[in-house]
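Working notes, beginning with the structure itself.
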Amino acid sequence: MAAMTAAVIMATVTSFAQTNDSISMDTTLWYNQTQQLGEVVVKSRLPRTKLKGNSMVTRIKGSVLAQSGTAKEMLAKVPGMTMKGDELEVLGKGTPIFYINGRKMRDKDELKRLRSEEILSVEVITNPGAQYDATISSVVRIKTIRREGDGFGFDVNTGLNQDLRFGKSDPNAQLNLRYRHNNLDLFGMVNYWKWHQTTLFSDEQTNYLPTDKGVLNINQNSHSRNHFKNNGIDYNLGFNWQIAENHSVGARIQRNDRFNATTDLMVETDIERLPLQEKEHNYSTQDEHRHTFYNWEGNAYYNGKVGKMGIDLNMDFLTDKTNVDNHINELVNHTDHHAMEQDNSTTISLWATKLVLAYPVWKGQLEAGTELSFVTRNNSSSITNYPLPASDSKVKENNIAAFVAYNFNLEKVGNFSAGLRYEHVGFDYTDHLDAANNMTRYQDEFFPSLSWAKQFGPVQTSLAYSFKTIRPDYNSLSDRITYINSYTLLQGDPTLKNATMQEVSINVRYKWLNLFAAYERRDNTPSQLPRAYGNEGMIMMKRVNLEDPVRNLAVFLSANPSFGIWSPNWTVGGQKFWNTMEFDDPRSETGKVKETYTKPIFFIDLNNAFRLPHRWQVEANMNIMTKGDFINFHMESASYLLGVVVQKCWLKNDALCLRVSLNDVLQRSVQDMRMSCGGYQVKESAVRSNHNLNITLRYTFNASKSKYKGTGAGQAERQRMSGN
């Protein structure tokens with residue numbers, strides 16, 4: 001129960017914060033100035049972060065952020081971003097979509113392989129325009145440093161992550177190869193990794209059920225240990241060819257192999273039924289094995305210019321087949337033994353293309369284009385020795401989109417951007433076991449976006465409005481029933497509606513201070529709620545759309561000054577939801593009860609870096625999240641995450657670097673959550689293996705930037721398949 005409850009909560013949080021693409025950036029925004037006052041010379045650096053329309057552009061090269069280890073570590077300190085657990089987020093916007101040199105980042109571990117020293121600038125886009133899928137609420141674009149010269153180059157990264165709480169060691173090694181001659185660029189990568197994740201859960205679950213003799217109270221107190229381990233090798237090969245000054249083509253293909261992906265779950269539960277005074281002790285183990293038969297993905301692109309018209313064409317594919325076998329054993333009251341086998345098979349294919357045409361018109365640029373994506377997903381599931389139905393279904397979803405956007409500048413009024421996106425989505429659900437469940441649904445929707453930006457002396461401002469949507473991920477659309485424990489099941493719903501989001505946001509920047517605020521309304525918000533299953537006290541956690549709108553206000557203030565060797569990057573802010581829900585509760589006289597979720601959550605990020613002589617760097621970083629409410633969950637504990645880093649580099653251009661980091665020093669990254677749904681209550685405390693020592697060593701020889709210009713297509717569908 002414990003591990004699956006966490007998975008359920010994280011799936012809800014993930015579905016609440018889906019994201020997408022972005023726009024280009026100008027990297028000529030920073031310079032040093034020297035001002036002389038009498039005999040005193042004051043040297044100052046203009047802010048490395050600038051507002052550009054709906055985005056914040058931060059120059060990394062030449063700043064203290066350039067020595068932050070991996071791109072993932074660096075991005076957590078970029079203005080407008082933060083780290084929540086192990087995931088990067090845009091403040092107030094959730095998990096973004098990442099692009100590296102215009103190419104969609106498909107594997108989130110790529111941020112662990114990319115080094116901060118290779119990055120020129122980062123653009124954080126809080127309101128992507130009509131060019132991008134309507135499900136996307138934020139984008140992060142990374143631009144790497146352009147290195148000149150032909151010939152062969154490579155870099156080697158090796159590392160070891162030592163878990164100090166549970167004692168697991170995870171090595172990793174990566175080799176990047178490059179060869180450049182004239183206008184042809186060849187590249188390839190091999191990356192080996194190993195990963196362990198151990199989580200301890202404590203759960204209290206209570207079901208209140210109406211019976212002929214009154215209310216039956218079933219209390220469960222569980223303690224569990226969930227250990228996940230996996231290792232694998234990733235490969236990619238590609239080329240870029242600059243045919244002429246305004247014409248380039250390229251292709252990239254990647255394979256991801258996974259070995260020994262297993263999850264070992266142990267749950268010990270004491271159950272009490274009141275007022276019957278019946279007690280039960282359950283001990284269960286689950287041994288899950290994930291087999292990835294194949295996982296291929298690729299991209300091909302053409303980027304060019306004909307006369308004044310710019311052309312950007314991308315074609316993508318993805319195919320994946322995965323089987324999950326789960327061996328479940330339960331021992332009740334030390335004598336009654338139950339053994340079950342649950343099997344799940346998933347096959348996915350995606351084909352997508354995206355075309356963007358750009359042409360200068362009047363005082364701006366007109367962009368128009370189309371994006372097509374075609375997804376097929378087959379899923380089957382069965383369980384033995386337990387009375388749950390098998391499932392065998394097929395989902396086909398085709399998304400045909402067209403968009404137009406116009407960006408222009410009126411010198412005295414400001415910069416304007418207006419766009420409109422049209423999406424036609426066809427959804428076909430086929431139940432191979434029961435044709436009565438078959439469903440076909442077509443949707444035609446328009447998504448407008450508007451923004452305005454202007455500079456008033458040293459103050460930069462921007463104001464934006466957007467209309468977006470959230471489409472349920474494919475697991476949520478599956479009707480298969482997943483066994484959690486003898487009292488809890490989980491099921492999706494193919495009839496789930498898309499959520500809609502309307503947001504107004506403002507961004508103001510003065511020197512090294514930045515204020516961001518956004519107000520949002522969401523309708524048909526995807527979540528999950530408990531339902532009674534049978535009459536024996538079992539609960540079905542069902543994917544649903546919330547009936548009432550959910551409102552959300554986010555406000556964040558960031559500061560990133562520089563004082564000699566000390567470069568602080570601090571952010572304080574908060575997020576408040578307005579949500580009231582009504583649930584069935586047999587304890588109430590009316591049989592109903594209301595639950596309110598309005599307590600704000602506050603965030604404090606205190607990142608500090610010290611540049612010392614002889615290429616030494618020391619960091620101390622603290623992230624704090626307070627108690628509060630998130631959609632329909634109560635966060636009942638504050639979380640504190642303290643990390644310290646020491647780094648030393650040698651050789652020309654810091655070609656050799658050693659970095660040592662100690663994470664979660666205080667071991668206080670604990671999260672207590674409570675879900676209160678009238679007759680169903682659950683409280684969970686989770687302790688994860690964040691307390692670790694990480695050592696990395698990097699060597700670079702004749703590094704050169706890839707010329708790859710592919711931007712990717714069908715990225716929203718990739719995001720929705722990420723949980724499979």
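By convention here, the chains of the structure tokens are called A, B, ... in the order presented, each chain's residues are numbered starting at 1, and ligands are numbered starting at 1 in the order presented.
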With segment 695-698 of chain A as the partner and 12 Å as the cut-off, tabulate the residues of segment 593-660 of chain A that qualify, each row holding the nearest pair of atoms and their distance in Å to one decimal, using only C-alpha atoms, sorted by chain and rising number, as a tab-separated table.
```
residue	atom	partner	partner_atom	distance
A:Val645	CA	A:Ile695	CA	10.0
A:Val646	CA	A:Ile695	CA	10.0
A:Gln647	CA	A:Thr696	CA	9.6
A:Lys648	CA	A:Leu697	CA	10.0
A:Cys649	CA	A:Arg698	CA	9.4
A:Trp650	CA	A:Arg698	CA	10.5
A:Leu651	CA	A:Arg698	CA	11.7
A:Asp654	CA	A:Arg698	CA	9.5
A:Ala655	CA	A:Arg698	CA	7.5
A:Leu656	CA	A:Arg698	CA	5.6
A:Cys657	CA	A:Arg698	CA	5.3
A:Leu658	CA	A:Leu697	CA	4.7
A:Arg659	CA	A:Thr696	CA	5.3
A:Val660	CA	A:Ile695	CA	4.7
```
Counting only C-alpha atoms, which residues of segment 223-309 of chain A sit at most 12 Å from some atom of segment 533-547 of chain A, and what is each one's closest atom pair with its distance in Å to one decimal, listed by chain and rising residue number, as CSV?
```
residue,atom,partner,partner_atom,distance
A:Ile271,CA,A:Gly537,CA,11.7
A:Glu272,CA,A:Gly537,CA,11.9
A:Arg273,CA,A:Gly537,CA,9.9
```
Quick one: write out the picked residues with N, CA, C and O atoms as an mmCIF file, in the first residue's frame?
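Produced file selection.cif, reproduced below:
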```
data_model
loop_
_atom_site.group_PDB
_atom_site.id
_atom_site.type_symbol
_atom_site.label_atom_id
_atom_site.label_comp_id
_atom_site.auth_asym_id
_atom_site.auth_seq_id
_atom_site.Cartn_x
_atom_site.Cartn_y
_atom_site.Cartn_z
ATOM 1 N N ILE A 271 -4.085 -4.585 10.931
ATOM 2 C CA ILE A 271 -5.435 -4.162 10.566
ATOM 3 C C ILE A 271 -6.362 -4.412 11.757
ATOM 4 O O ILE A 271 -6.314 -5.472 12.400
ATOM 5 N N GLU A 272 -7.196 -3.419 12.026
ATOM 6 C CA GLU A 272 -8.165 -3.542 13.125
ATOM 7 C C GLU A 272 -9.530 -3.098 12.617
ATOM 8 O O GLU A 272 -9.663 -2.045 11.985
ATOM 9 N N ARG A 273 -10.570 -3.913 12.910
ATOM 10 C CA ARG A 273 -11.942 -3.595 12.519
ATOM 11 C C ARG A 273 -12.743 -3.262 13.770
ATOM 12 O O ARG A 273 -12.880 -4.100 14.669
#
```
* Name all residues at most 9 Å from segment 465-469 of chain A (count only C-alpha atoms; drop same-chain ones fewer than 6 positions away) and give them as a PyMOL selection string. => chain A and resi 127-129+133-137+446-451+498-505+522
Restricting the output to N, CA, C and O atoms, write the selected residues as a short mmCIF file (atom, residue, chain, number, x, y, z; two decimals), in the first residue's frame.
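Heads up, here's the output in result28.cif:
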```cif
data_model
loop_
_atom_site.label_atom_id
_atom_site.label_comp_id
_atom_site.auth_asym_id
_atom_site.auth_seq_id
_atom_site.Cartn_x
_atom_site.Cartn_y
_atom_site.Cartn_z
N ASN A 127 5.51 31.20 -20.50
CA ASN A 127 4.23 31.21 -21.23
C ASN A 127 4.49 30.91 -22.71
O ASN A 127 4.46 31.82 -23.54
N PRO A 128 4.75 29.64 -23.08
CA PRO A 128 5.01 29.31 -24.48
C PRO A 128 3.85 29.71 -25.38
O PRO A 128 2.69 29.59 -24.99
N GLY A 129 4.17 30.17 -26.58
CA GLY A 129 3.15 30.68 -27.48
C GLY A 129 2.46 29.61 -28.29
O GLY A 129 2.56 28.41 -28.03
N ASP A 133 2.68 22.93 -28.33
CA ASP A 133 1.52 22.13 -27.95
C ASP A 133 0.76 22.78 -26.80
O ASP A 133 1.36 23.33 -25.87
N ALA A 134 -0.56 22.68 -26.84
CA ALA A 134 -1.41 23.36 -25.87
C ALA A 134 -1.30 22.78 -24.47
O ALA A 134 -1.84 23.35 -23.53
N THR A 135 -0.61 21.64 -24.29
CA THR A 135 -0.46 21.06 -22.96
C THR A 135 0.75 21.62 -22.22
O THR A 135 0.96 21.31 -21.05
N ILE A 136 1.55 22.45 -22.89
CA ILE A 136 2.83 22.86 -22.33
C ILE A 136 2.70 24.19 -21.61
O ILE A 136 2.24 25.17 -22.16
N SER A 137 3.13 24.23 -20.34
CA SER A 137 3.03 25.45 -19.54
C SER A 137 4.38 26.13 -19.31
O SER A 137 4.41 27.29 -18.90
N PHE A 446 -9.46 25.59 -29.76
CA PHE A 446 -8.61 26.73 -30.10
C PHE A 446 -7.94 27.23 -28.82
O PHE A 446 -8.58 27.31 -27.77
N PHE A 447 -6.67 27.60 -28.96
CA PHE A 447 -5.89 28.03 -27.80
C PHE A 447 -5.20 29.36 -28.12
O PHE A 447 -4.18 29.38 -28.81
N PRO A 448 -5.73 30.48 -27.61
CA PRO A 448 -5.10 31.78 -27.86
C PRO A 448 -4.01 32.07 -26.83
O PRO A 448 -4.01 31.53 -25.71
N SER A 449 -3.08 32.96 -27.18
CA SER A 449 -2.06 33.43 -26.26
C SER A 449 -1.70 34.87 -26.62
O SER A 449 -1.66 35.24 -27.80
N LEU A 450 -1.45 35.69 -25.61
CA LEU A 450 -1.10 37.09 -25.79
C LEU A 450 0.00 37.47 -24.80
O LEU A 450 0.03 36.95 -23.67
N SER A 451 0.88 38.36 -25.20
CA SER A 451 1.89 38.86 -24.28
C SER A 451 2.34 40.25 -24.69
O SER A 451 2.25 40.64 -25.86
N ASN A 498 -10.27 16.20 -20.85
CA ASN A 498 -9.10 17.06 -20.80
C ASN A 498 -9.38 18.22 -19.85
O ASN A 498 -10.48 18.77 -19.82
N ALA A 499 -8.37 18.62 -19.10
CA ALA A 499 -8.49 19.81 -18.26
C ALA A 499 -8.18 21.04 -19.10
O ALA A 499 -7.44 20.97 -20.09
N THR A 500 -8.74 22.18 -18.71
CA THR A 500 -8.42 23.44 -19.37
C THR A 500 -7.83 24.40 -18.34
O THR A 500 -8.23 24.39 -17.16
N MET A 501 -6.89 25.25 -18.78
CA MET A 501 -6.20 26.16 -17.88
C MET A 501 -6.18 27.56 -18.50
O MET A 501 -5.81 27.72 -19.66
N GLN A 502 -6.54 28.54 -17.71
CA GLN A 502 -6.39 29.94 -18.10
C GLN A 502 -5.49 30.62 -17.09
O GLN A 502 -5.72 30.50 -15.88
N GLU A 503 -4.48 31.35 -17.58
CA GLU A 503 -3.50 31.95 -16.69
C GLU A 503 -3.15 33.36 -17.13
O GLU A 503 -3.00 33.64 -18.32
N VAL A 504 -2.99 34.23 -16.13
CA VAL A 504 -2.45 35.57 -16.33
C VAL A 504 -1.21 35.67 -15.47
O VAL A 504 -1.23 35.31 -14.28
N SER A 505 -0.10 36.14 -16.05
CA SER A 505 1.16 36.22 -15.30
C SER A 505 1.85 37.55 -15.56
O SER A 505 1.65 38.18 -16.61
N ARG A 522 -8.14 26.24 -13.29
CA ARG A 522 -8.17 24.96 -13.99
C ARG A 522 -9.55 24.32 -13.83
O ARG A 522 -10.08 24.25 -12.72
#
```
* To do: Run DSSP on the backbone and give me the residues of segment 538-717 of chain A it puts in helix (DSSP H, G or I), as number ranges by chain.
  => A: 652-654, 715-717
Please produce, as CSV, a per-residue contact table for segment 231-292 of chain A versus segment 476-495 of chain A (criterion: any atom at most 12 Å away, only C-alpha atoms considered), showing the nearest atom pair and its distance in Å to one decimal, sorted by chain then residue number.
```
residue,atom,partner,partner_atom,distance
A:Leu265,CA,A:Ile484,CA,10.9
A:Met266,CA,A:Asn485,CA,11.4
A:Val267,CA,A:Asn485,CA,9.2
A:Glu268,CA,A:Asn485,CA,10.9
A:Thr269,CA,A:Asn485,CA,10.0
A:Ile271,CA,A:Tyr487,CA,10.2
A:Glu280,CA,A:Ser486,CA,11.8
A:His281,CA,A:Ser486,CA,11.8
A:Asn282,CA,A:Ser486,CA,9.2
A:Tyr283,CA,A:Asn485,CA,10.4
A:Ser284,CA,A:Asn485,CA,8.4
A:Thr285,CA,A:Asn485,CA,10.2
A:Gln286,CA,A:Ile484,CA,9.7
```
Those selected residues, please, written with all heavy atoms and delivered as a compact mmCIF listing (two decimals), in the first residue's frame.
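Written file, out03.txt:
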```
# COMPACT_ATOMS: atom_id res chain seq x y z
N LEU A 265 9.45 -4.82 -2.88
CA LEU A 265 8.60 -4.13 -1.92
C LEU A 265 8.22 -5.07 -0.80
O LEU A 265 7.75 -6.17 -1.03
CB LEU A 265 7.34 -3.60 -2.62
CG LEU A 265 6.26 -2.99 -1.72
CD1 LEU A 265 6.78 -1.73 -1.04
CD2 LEU A 265 5.01 -2.69 -2.53
N MET A 266 8.43 -4.60 0.43
CA MET A 266 8.03 -5.35 1.62
C MET A 266 7.07 -4.48 2.43
O MET A 266 7.38 -3.32 2.72
CB MET A 266 9.25 -5.72 2.46
CG MET A 266 8.94 -6.55 3.71
SD MET A 266 8.39 -5.54 5.12
CE MET A 266 9.86 -4.60 5.48
N VAL A 267 5.91 -5.03 2.76
CA VAL A 267 4.90 -4.28 3.51
C VAL A 267 4.43 -5.11 4.69
O VAL A 267 4.05 -6.28 4.54
CB VAL A 267 3.69 -3.91 2.62
CG1 VAL A 267 2.71 -3.05 3.42
CG2 VAL A 267 4.12 -3.21 1.35
N GLU A 268 4.45 -4.52 5.87
CA GLU A 268 3.94 -5.17 7.08
C GLU A 268 2.80 -4.31 7.61
O GLU A 268 2.99 -3.12 7.89
CB GLU A 268 5.04 -5.33 8.12
CG GLU A 268 4.67 -6.29 9.24
CD GLU A 268 5.89 -6.79 9.99
OE1 GLU A 268 7.00 -6.29 9.72
OE2 GLU A 268 5.72 -7.69 10.83
N THR A 269 1.61 -4.91 7.76
CA THR A 269 0.40 -4.14 8.07
C THR A 269 -0.37 -4.78 9.21
O THR A 269 -0.59 -5.99 9.24
CB THR A 269 -0.52 -4.05 6.83
OG1 THR A 269 0.21 -3.55 5.72
CG2 THR A 269 -1.71 -3.15 7.12
N ILE A 271 -4.09 -4.59 10.93
CA ILE A 271 -5.43 -4.16 10.57
C ILE A 271 -6.36 -4.41 11.76
O ILE A 271 -6.31 -5.47 12.40
CB ILE A 271 -5.95 -4.93 9.34
CG1 ILE A 271 -4.99 -4.71 8.15
CG2 ILE A 271 -7.36 -4.50 8.97
CD1 ILE A 271 -5.26 -5.61 6.97
N GLU A 280 -5.95 -8.23 12.52
CA GLU A 280 -5.31 -9.03 11.47
C GLU A 280 -3.90 -8.49 11.23
O GLU A 280 -3.68 -7.27 11.28
CB GLU A 280 -6.13 -8.95 10.18
CG GLU A 280 -5.57 -9.75 9.02
CD GLU A 280 -6.46 -9.61 7.79
OE1 GLU A 280 -7.68 -9.85 7.90
OE2 GLU A 280 -5.91 -9.25 6.72
N HIS A 281 -2.97 -9.39 10.99
CA HIS A 281 -1.59 -8.98 10.68
C HIS A 281 -1.23 -9.52 9.30
O HIS A 281 -1.30 -10.73 9.05
CB HIS A 281 -0.62 -9.53 11.72
CG HIS A 281 0.82 -9.17 11.42
ND1 HIS A 281 1.36 -7.94 11.75
CD2 HIS A 281 1.82 -9.86 10.81
CE1 HIS A 281 2.62 -7.89 11.36
NE2 HIS A 281 2.93 -9.05 10.79
N ASN A 282 -0.86 -8.59 8.39
CA ASN A 282 -0.49 -8.98 7.03
C ASN A 282 0.99 -8.70 6.79
O ASN A 282 1.51 -7.63 7.17
CB ASN A 282 -1.30 -8.18 5.99
CG ASN A 282 -2.71 -8.71 5.84
OD1 ASN A 282 -3.08 -9.66 6.53
ND2 ASN A 282 -3.48 -8.11 4.97
N TYR A 283 1.63 -9.64 6.14
CA TYR A 283 3.01 -9.45 5.69
C TYR A 283 3.05 -9.80 4.21
O TYR A 283 2.69 -10.93 3.82
CB TYR A 283 3.98 -10.33 6.47
CG TYR A 283 5.41 -10.20 5.99
CD1 TYR A 283 6.21 -9.15 6.42
CD2 TYR A 283 5.95 -11.13 5.09
CE1 TYR A 283 7.52 -9.02 5.98
CE2 TYR A 283 7.26 -11.00 4.64
CZ TYR A 283 8.03 -9.94 5.08
OH TYR A 283 9.33 -9.81 4.64
N SER A 284 3.43 -8.85 3.38
CA SER A 284 3.41 -9.10 1.94
C SER A 284 4.73 -8.64 1.31
O SER A 284 5.38 -7.71 1.78
CB SER A 284 2.24 -8.38 1.27
OG SER A 284 2.43 -6.98 1.30
N THR A 285 5.08 -9.32 0.22
CA THR A 285 6.24 -8.93 -0.57
C THR A 285 5.82 -8.89 -2.04
O THR A 285 4.98 -9.67 -2.49
CB THR A 285 7.40 -9.93 -0.41
OG1 THR A 285 6.98 -11.23 -0.85
CG2 THR A 285 7.86 -10.00 1.04
N GLN A 286 6.40 -7.96 -2.76
CA GLN A 286 6.20 -7.86 -4.20
C GLN A 286 7.56 -7.80 -4.87
O GLN A 286 8.41 -6.99 -4.51
CB GLN A 286 5.36 -6.64 -4.56
CG GLN A 286 3.95 -6.67 -4.01
CD GLN A 286 3.09 -5.55 -4.56
OE1 GLN A 286 3.29 -5.08 -5.67
NE2 GLN A 286 2.10 -5.12 -3.77
```
* **All residues 12 Å or closer to Arg48 of chain A, only C-alpha atoms, same chain fewer than 6 positions away omitted, as a PyMOL selection string** => chain A and resi 27-32+56-65+78-79+120-123+509-514+559-562+567+569
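Between His247 of chain A and the candidates A:Gln575, A:Asn183, A:Asn295, A:Asn230, the tightest atom-to-atom separation, counting only C-alpha atoms, involves A:Asn183.
Between atom CA of Ile253 of chain A and atom CA of Tyr235 of chain A the separation is 8.4 Å.
Near Phe516 of chain A, within 9 Å and counting only C-alpha atoms, sit Gly80, Leu91, Gly92, Ser505, Ile506, Asn507, Val508, Arg509, Ala554, Val555, Phe556, Leu557 and Ser558 of chain A; same-chain residues fewer than 5 positions away were not included.
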Any chance you could export the current selection's N, CA, C and O atoms as an mmCIF file, in the first residue's frame?
```
data_model
loop_
_atom_site.group_PDB
_atom_site.id
_atom_site.type_symbol
_atom_site.label_atom_id
_atom_site.label_comp_id
_atom_site.auth_asym_id
_atom_site.auth_seq_id
_atom_site.Cartn_x
_atom_site.Cartn_y
_atom_site.Cartn_z
ATOM 1 N N GLY A 80 14.359 31.625 -11.672
ATOM 2 C CA GLY A 80 13.109 31.111 -12.229
ATOM 3 C C GLY A 80 12.949 29.620 -12.095
ATOM 4 O O GLY A 80 11.889 29.081 -12.445
ATOM 5 N N LEU A 91 9.450 27.814 -11.377
ATOM 6 C CA LEU A 91 8.704 28.308 -10.232
ATOM 7 C C LEU A 91 7.263 28.644 -10.613
ATOM 8 O O LEU A 91 7.005 29.428 -11.524
ATOM 9 N N GLY A 92 6.324 28.021 -9.921
ATOM 10 C CA GLY A 92 4.921 28.267 -10.147
ATOM 11 C C GLY A 92 4.346 27.614 -11.388
ATOM 12 O O GLY A 92 3.143 27.753 -11.655
ATOM 13 N N SER A 505 -0.097 36.137 -16.052
ATOM 14 C CA SER A 505 1.155 36.219 -15.304
ATOM 15 C C SER A 505 1.846 37.548 -15.561
ATOM 16 O O SER A 505 1.647 38.181 -16.607
ATOM 17 N N ILE A 506 2.672 37.955 -14.607
ATOM 18 C CA ILE A 506 3.463 39.174 -14.720
ATOM 19 C C ILE A 506 4.872 38.894 -14.248
ATOM 20 O O ILE A 506 5.087 38.128 -13.297
ATOM 21 N N ASN A 507 5.838 39.508 -14.930
ATOM 22 C CA ASN A 507 7.247 39.351 -14.594
ATOM 23 C C ASN A 507 7.872 40.739 -14.553
ATOM 24 O O ASN A 507 7.726 41.508 -15.507
ATOM 25 N N VAL A 508 8.569 41.069 -13.473
ATOM 26 C CA VAL A 508 9.226 42.370 -13.333
ATOM 27 C C VAL A 508 10.652 42.143 -12.849
ATOM 28 O O VAL A 508 10.871 41.405 -11.875
ATOM 29 N N ARG A 509 11.615 42.780 -13.531
ATOM 30 C CA ARG A 509 13.018 42.615 -13.142
ATOM 31 C C ARG A 509 13.687 43.974 -13.010
ATOM 32 O O ARG A 509 13.571 44.824 -13.897
ATOM 33 N N ALA A 554 0.570 31.970 -7.544
ATOM 34 C CA ALA A 554 1.988 31.752 -7.257
ATOM 35 C C ALA A 554 2.717 33.091 -7.314
ATOM 36 O O ALA A 554 2.534 33.859 -8.268
ATOM 37 N N VAL A 555 3.543 33.373 -6.301
ATOM 38 C CA VAL A 555 4.334 34.600 -6.249
ATOM 39 C C VAL A 555 5.738 34.241 -5.783
ATOM 40 O O VAL A 555 5.904 33.582 -4.745
ATOM 41 N N PHE A 556 6.761 34.676 -6.545
ATOM 42 C CA PHE A 556 8.147 34.380 -6.199
ATOM 43 C C PHE A 556 9.016 35.615 -6.416
ATOM 44 O O PHE A 556 8.886 36.308 -7.425
ATOM 45 N N LEU A 557 9.919 35.863 -5.471
ATOM 46 C CA LEU A 557 10.892 36.951 -5.565
ATOM 47 C C LEU A 557 12.291 36.342 -5.533
ATOM 48 O O LEU A 557 12.626 35.600 -4.601
ATOM 49 N N SER A 558 13.094 36.658 -6.557
ATOM 50 C CA SER A 558 14.444 36.092 -6.663
ATOM 51 C C SER A 558 15.478 37.205 -6.645
ATOM 52 O O SER A 558 15.235 38.312 -7.150
#
```
